[in-house]
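protein.tsv (TSV, C-alpha atoms) appears below.
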```
chain	number	residue	atom	x	y	z
A	1	MET	CA	-154.82	165.51	296.92
A	2	TYR	CA	-152.88	165.17	300.10
A	3	LEU	CA	-150.36	162.88	301.77
A	4	ALA	CA	-151.51	160.33	304.33
A	5	ARG	CA	-150.49	157.19	306.14
A	6	VAL	CA	-152.66	154.10	306.16
A	7	ILE	CA	-153.86	153.23	309.65
A	8	GLY	CA	-155.67	150.04	308.75
A	9	PRO	CA	-158.76	148.39	307.31
A	10	VAL	CA	-162.38	149.28	307.98
A	11	VAL	CA	-164.82	146.36	307.89
A	12	THR	CA	-168.43	147.25	307.08
A	13	PRO	CA	-170.69	144.21	306.68
A	14	VAL	CA	-173.76	146.39	306.14
A	15	GLN	CA	-173.10	149.05	303.53
A	16	HIS	CA	-174.26	150.84	300.42
A	17	PRO	CA	-174.04	148.38	297.49
A	18	PHE	CA	-171.38	150.50	295.82
A	19	PHE	CA	-168.84	149.52	298.50
A	20	GLU	CA	-169.33	145.77	298.07
A	21	GLY	CA	-166.05	144.16	297.09
A	22	ARG	CA	-164.10	147.37	297.64
A	23	THR	CA	-161.41	147.91	300.25
A	24	LEU	CA	-161.98	150.68	302.78
A	25	LEU	CA	-158.94	151.96	304.64
A	26	LEU	CA	-158.62	154.40	307.49
A	27	VAL	CA	-156.01	157.04	306.64
A	28	ARG	CA	-154.47	159.87	308.62
A	29	ARG	CA	-153.27	162.99	306.87
A	30	VAL	CA	-149.56	163.82	307.25
A	31	GLU	CA	-147.58	166.90	306.37
A	32	PRO	CA	-144.68	166.51	303.91
A	33	ASP	CA	-142.30	166.43	306.88
A	34	GLY	CA	-144.08	163.38	308.26
A	35	ARG	CA	-145.97	165.09	311.07
A	36	SER	CA	-149.38	163.54	311.70
A	37	THR	CA	-151.86	166.35	311.57
A	38	GLY	CA	-155.10	164.58	310.77
A	39	PRO	CA	-157.91	164.65	310.04
A	40	ASP	CA	-158.63	160.95	309.69
A	41	ARG	CA	-160.65	159.72	306.73
A	42	VAL	CA	-162.11	156.48	305.42
A	43	ALA	CA	-160.99	156.04	301.81
A	44	VAL	CA	-161.57	153.53	299.03
A	45	ASP	CA	-158.28	151.92	298.05
A	46	ARG	CA	-157.33	151.84	294.35
A	47	VAL	CA	-153.65	150.91	294.65
A	48	GLY	CA	-153.42	147.97	297.06
A	49	ALA	CA	-152.07	149.96	300.01
A	50	GLY	CA	-151.23	148.34	303.34
A	51	ILE	CA	-150.90	149.43	306.95
A	52	GLY	CA	-148.24	152.11	307.43
A	53	ASP	CA	-147.93	152.93	303.73
A	54	ALA	CA	-147.56	156.54	302.64
A	55	VAL	CA	-150.30	157.26	300.13
A	56	LEU	CA	-151.87	159.98	298.02
A	57	VAL	CA	-155.48	160.66	298.96
A	58	LEU	CA	-157.97	162.37	296.69
A	59	GLU	CA	-160.86	164.00	298.49
A	60	GLU	CA	-163.24	165.49	295.99
A	61	GLY	CA	-166.43	163.81	294.92
A	62	ASN	CA	-166.42	164.42	291.18
A	63	SER	CA	-162.81	163.31	290.73
A	64	ALA	CA	-163.42	160.31	292.97
A	65	ARG	CA	-166.34	159.23	290.80
A	66	GLN	CA	-164.15	159.52	287.71
A	67	VAL	CA	-161.49	157.34	289.32
A	68	VAL	CA	-163.99	154.54	289.99
A	69	ASP	CA	-165.73	155.21	286.66
A	70	ASP	CA	-169.18	155.42	288.23
A	71	MET	CA	-170.89	158.78	288.11
A	72	LYS	CA	-173.42	157.72	290.75
A	73	ALA	CA	-170.90	156.46	293.30
A	74	PRO	CA	-171.47	157.91	296.78
A	75	LEU	CA	-167.83	158.36	297.62
A	76	ARG	CA	-165.48	161.24	298.22
A	77	SER	CA	-162.16	159.88	299.47
A	78	VAL	CA	-159.98	157.61	297.31
A	79	ILE	CA	-156.40	156.41	297.68
A	80	VAL	CA	-155.05	157.10	294.20
A	81	GLY	CA	-151.31	156.70	294.65
A	82	PHE	CA	-148.59	154.98	296.57
A	83	VAL	CA	-145.90	157.44	297.69
A	84	ASP	CA	-142.32	156.25	297.30
A	85	GLU	CA	-140.76	159.46	298.54
A	86	VAL	CA	-141.32	163.18	298.85
A	87	GLU	CA	-138.42	165.53	298.26
A	88	VAL	CA	-138.46	169.15	299.42
A	89	ASP	CA	-135.45	171.44	298.99
A	90	GLY	CA	-133.27	168.47	298.08
A	91	LYS	CA	-134.19	166.54	301.21
A	92	ILE	CA	-136.19	163.35	301.40
A	93	VAL	CA	-138.84	164.45	303.88
A	94	LEU	CA	-141.15	161.46	303.57
A	95	ALA	CA	-140.32	157.95	302.38
A	96	ALA	CA	-142.39	154.83	301.77
A	97	ASP	CA	-140.50	152.92	304.44
A	98	GLY	CA	-141.02	155.69	307.01
A	99	ARG	CA	-137.41	156.83	306.80
A	100	ALA	CA	-136.77	160.51	306.21
A	101	GLU	CA	-133.19	161.26	305.42
A	102	ASP	CA	-130.98	164.14	304.42
A	103	ARG	CA	-129.76	163.59	300.86
A	104	ARG	CA	-128.06	166.86	299.99
B	1	MET	CA	-165.66	159.59	304.02
B	2	ARG	CA	-165.39	159.67	307.78
B	3	LEU	CA	-165.99	157.59	310.86
B	4	GLY	CA	-168.78	158.55	313.22
B	5	ARG	CA	-171.00	157.31	316.00
B	6	VAL	CA	-174.78	157.44	315.96
B	7	VAL	CA	-175.71	159.38	319.08
B	8	GLY	CA	-179.35	160.19	318.42
B	9	ARG	CA	-182.25	160.40	316.06
B	10	VAL	CA	-184.14	163.36	314.72
B	11	VAL	CA	-187.90	163.68	314.45
B	12	ALA	CA	-188.81	166.41	311.98
B	13	THR	CA	-192.43	166.26	310.91
B	14	VAL	CA	-192.28	169.31	308.71
B	15	ARG	CA	-189.48	168.90	306.20
B	16	ALA	CA	-188.62	169.37	302.56
B	17	ARG	CA	-190.83	167.03	300.52
B	18	ASP	CA	-187.80	165.28	299.05
B	19	LEU	CA	-186.78	164.25	302.55
B	20	ASP	CA	-190.03	162.32	303.15
B	21	GLY	CA	-189.34	158.79	304.31
B	22	GLU	CA	-185.66	159.36	305.03
B	23	LYS	CA	-184.44	158.38	308.48
B	24	LEU	CA	-182.49	161.20	310.13
B	25	LEU	CA	-179.82	160.37	312.69
B	26	VAL	CA	-177.44	162.50	314.74
B	27	VAL	CA	-173.85	161.48	314.01
B	28	GLN	CA	-170.84	162.53	316.04
B	29	PRO	CA	-167.77	162.46	313.75
B	30	LEU	CA	-164.87	160.45	315.20
B	31	ASP	CA	-161.16	160.26	314.53
B	32	ALA	CA	-159.24	156.99	314.21
B	33	ALA	CA	-158.92	156.84	318.01
B	34	ARG	CA	-162.73	157.02	318.30
B	35	ARG	CA	-162.54	160.48	319.83
B	36	PRO	CA	-165.07	163.14	318.82
B	37	ALA	CA	-163.75	165.16	315.89
B	38	GLY	CA	-165.78	168.22	315.08
B	39	PRO	CA	-169.43	169.18	315.43
B	40	ALA	CA	-172.26	166.65	315.18
B	41	VAL	CA	-174.17	166.34	311.91
B	42	VAL	CA	-177.63	165.13	310.97
B	43	ALA	CA	-177.36	162.35	308.43
B	44	CYS	CA	-179.60	160.11	306.36
B	45	ASP	CA	-178.92	156.40	306.56
B	46	VAL	CA	-178.72	153.53	304.06
B	47	ALA	CA	-176.95	151.06	306.39
B	48	GLN	CA	-179.68	150.25	308.92
B	49	SER	CA	-177.83	152.08	311.68
B	50	GLY	CA	-178.95	152.27	315.28
B	51	LEU	CA	-178.06	154.21	318.37
B	52	GLY	CA	-174.43	153.72	319.44
B	53	ASP	CA	-173.28	152.23	316.12
B	54	VAL	CA	-169.93	153.21	314.67
B	55	VAL	CA	-170.48	154.07	311.02
B	56	VAL	CA	-168.86	155.34	307.85
B	57	TRP	CA	-170.59	158.45	306.51
B	58	VAL	CA	-170.07	160.60	303.48
B	59	GLY	CA	-170.64	164.34	303.27
B	60	GLY	CA	-171.35	166.79	300.48
B	61	ARG	CA	-173.03	166.12	297.13
B	62	GLU	CA	-172.14	162.43	297.45
B	63	ALA	CA	-174.47	162.10	300.43
B	64	ALA	CA	-177.47	162.45	298.15
B	65	LEU	CA	-176.00	160.04	295.58
B	66	ALA	CA	-176.14	157.30	298.20
B	67	LEU	CA	-179.93	157.60	298.47
B	68	ARG	CA	-182.57	156.08	296.23
B	69	ARG	CA	-183.54	159.53	295.01
B	70	THR	CA	-180.27	161.25	294.22
B	71	PHE	CA	-181.40	164.85	293.83
B	72	VAL	CA	-182.43	165.62	297.38
B	73	PRO	CA	-181.38	168.27	299.90
B	74	VAL	CA	-179.05	166.05	301.95
B	75	ASP	CA	-175.41	166.70	302.81
B	76	ALA	CA	-174.54	163.72	305.02
B	77	THR	CA	-175.43	160.03	304.67
B	78	ILE	CA	-174.35	156.94	306.57
B	79	VAL	CA	-173.11	154.45	303.95
B	80	GLY	CA	-171.65	151.69	306.10
B	81	HIS	CA	-171.98	150.02	309.47
B	82	VAL	CA	-168.51	149.45	310.93
B	83	GLU	CA	-167.92	146.05	312.47
B	84	GLN	CA	-164.21	146.53	312.87
B	85	ALA	CA	-161.74	149.29	312.10
B	86	ALA	CA	-158.08	149.81	312.87
B	87	GLU	CA	-157.34	152.23	315.67
B	88	ALA	CA	-154.66	154.88	315.70
B	89	PRO	CA	-153.35	156.80	318.70
B	90	PRO	CA	-155.11	160.13	319.27
B	91	LEU	CA	-153.79	163.15	317.45
B	92	PRO	CA	-152.10	165.80	319.60
B	93	PRO	CA	-154.18	168.91	320.34
B	94	ARG	CA	-154.56	171.14	317.31
B	95	ASP	CA	-152.28	173.89	318.65
B	96	ALA	CA	-149.50	171.35	319.26
B	97	ARG	CA	-149.47	170.11	315.66
B	98	GLY	CA	-147.94	173.27	314.33
B	99	GLY	CA	-148.43	174.58	310.82
B	100	LYS	CA	-151.98	174.66	309.52
```
Serialized structure, structure tokens:
Amino acid sequence: MYLARVIGPVVTPVQHPFFEGRTLLLVRRVEPDGRSTGPDRVAVDRVGAGIGDAVLVLEEGNSARQVVDDMKAPLRSVIVGFVDEVEVDGKIVLAADGRAEDRR
Amino acid sequence: MRLGRVVGRVVATVRARDLDGEKLLVVQPLDAARRPAGPAVVACDVAQSGLGDVVVWVGGREAALALRRTFVPVDATIVGHVEQAAEAPPLPPRDARGGK
């Protein structure tokens, strides 16, 4: 899994039937210190994430299929968590509201 | 899954038997700013894609799962035709991102 920020929705009127009724979001990978490093991915949302949210992205097919409980699902990237904050060495380096602060 | 743009089609008369009947398209991977991101791939298609379309494609084992026959030698498949997607500013050049 890795940390990412939600960029926004992806609308796909023509798609594989598996994706019908599911939310696709464009996400950009970030380092724990908040730096945007990419790459960008299209992920199925399982937590109700919105634009700008810090999220946990799973990018492995077998695990992704377990998350959606469909062993034939053609997906690889899933948003599996909503990140409230990330603390490294006693410092909040990434927070849900975008604020990184020193909390030593 | 990733964004991409269909930039071409592939005609391959001689191919693995399991690939018979599958449409093969050339897809240029894109980032959220619609800039090319990485080398082009040849992908199957289940979303009626055409030249110039922006698409969502999936790579790896999952690419075959998207097809009618799921045990086929395919490692990229277009699974959605993008009508609209949020845009993000381009990423800085790789060497300016620092770290990995």
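Distance criterion 6 Å to chain A, applied with all atoms listed in the file, yields Met1, Arg2, Asp31, Ala47, Glu62, Leu65, Ala66, Val79, Gly80, His81, Val82, Glu83, Gln84, Ala85 and Ala86 of chain B on chain B.
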Hey, what's within 9 Å of Asp33 in chain A if we count all atoms listed in the file and toss same-chain stuff fewer than 6 positions away? As a list in words, please? Val86, Val88, Ile92, Val93, Leu94 and Ala100 of chain A
Among B:Ala63, B:Ala88, B:Leu24, B:Ile78, Ala12 in chain B is approached most closely, using only C-alpha atoms, by B:Leu24
Distance CA of Val83 in chain A-CA of Asp53 in chain A, one decimal place?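 Computing it gives 7.8 Å between the two atoms.
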Find the distance between CA of Arg46 in chain A and CA of Gln66 in chain A and write it in Å to one decimal.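 Rounded to one decimal, the two atoms are 12.2 Å apart.
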Could you write out as lines of an AutoDock Vina configuration file the box around range 86-99 of chain B (axis-aligned, all atoms listed in the file, 5 Å on each side), with centre and edge lengths in Å to one decimal?
```
center_x = -153.0
center_y = 162.2
center_z = 315.6
size_x = 20.1
size_y = 34.8
size_z = 19.5
```
Long-range neighbours of Leu51 in chain B as a list in words, 9 Å cut-off, only C-alpha atoms, 4 positions minimum in chain: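 Counting only C-alpha atoms, the residues come to Arg5, Val6, Val7, Gly8, Arg9 and Leu25 of chain B.
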Excluding Asp20 in chain B and any residue of its chain fewer than 5 positions from it, enumerate the residues within 12 Å of it, using all atoms listed in the file, and give them as a list in words.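 Counting only the stated atoms, we get Val11, Ala12, Thr13, Val14, Arg15, Cys44, Arg68, Arg69, Val72, Pro73 and Val74 of chain B.
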Between CA of Pro32 in chain A and CA of Leu3 in chain A, what distance in Å does the model show, to one decimal?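 For CA of Pro32 in chain A relative to CA of Leu3 in chain A, the distance reads 7.1 Å.
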Can you pull out every residue within 6 Å of Leu56 in chain A, counting all atoms listed in the file, but drop anything in the same chain fewer than 5 positions away, and send it as a ChimeraX atom specification? /A:2-3,79-81
I'd like the neighbourhood of Pro90 in chain B as a PyMOL selection string, where a residue qualifies if any of its atoms comes within 8 Å (using all atoms listed in the file), though same-chain residues fewer than 5 positions away should be ignored. chain B and resi 31-33+35
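The residue that comes closest to Val30 in chain A, out of A:Asp97, A:Val47, A:Asp89, A:Val57 and on the basis of all atoms listed in the file, is A:Val57.
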Just checking: using all atoms listed in the file, which residue out of A:Ala96, A:Asp70, A:Asp84, A:Ala64 ends up closest to Met1 in chain A?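 Distance minimum relative to Met1 in chain A lands on A:Ala64.
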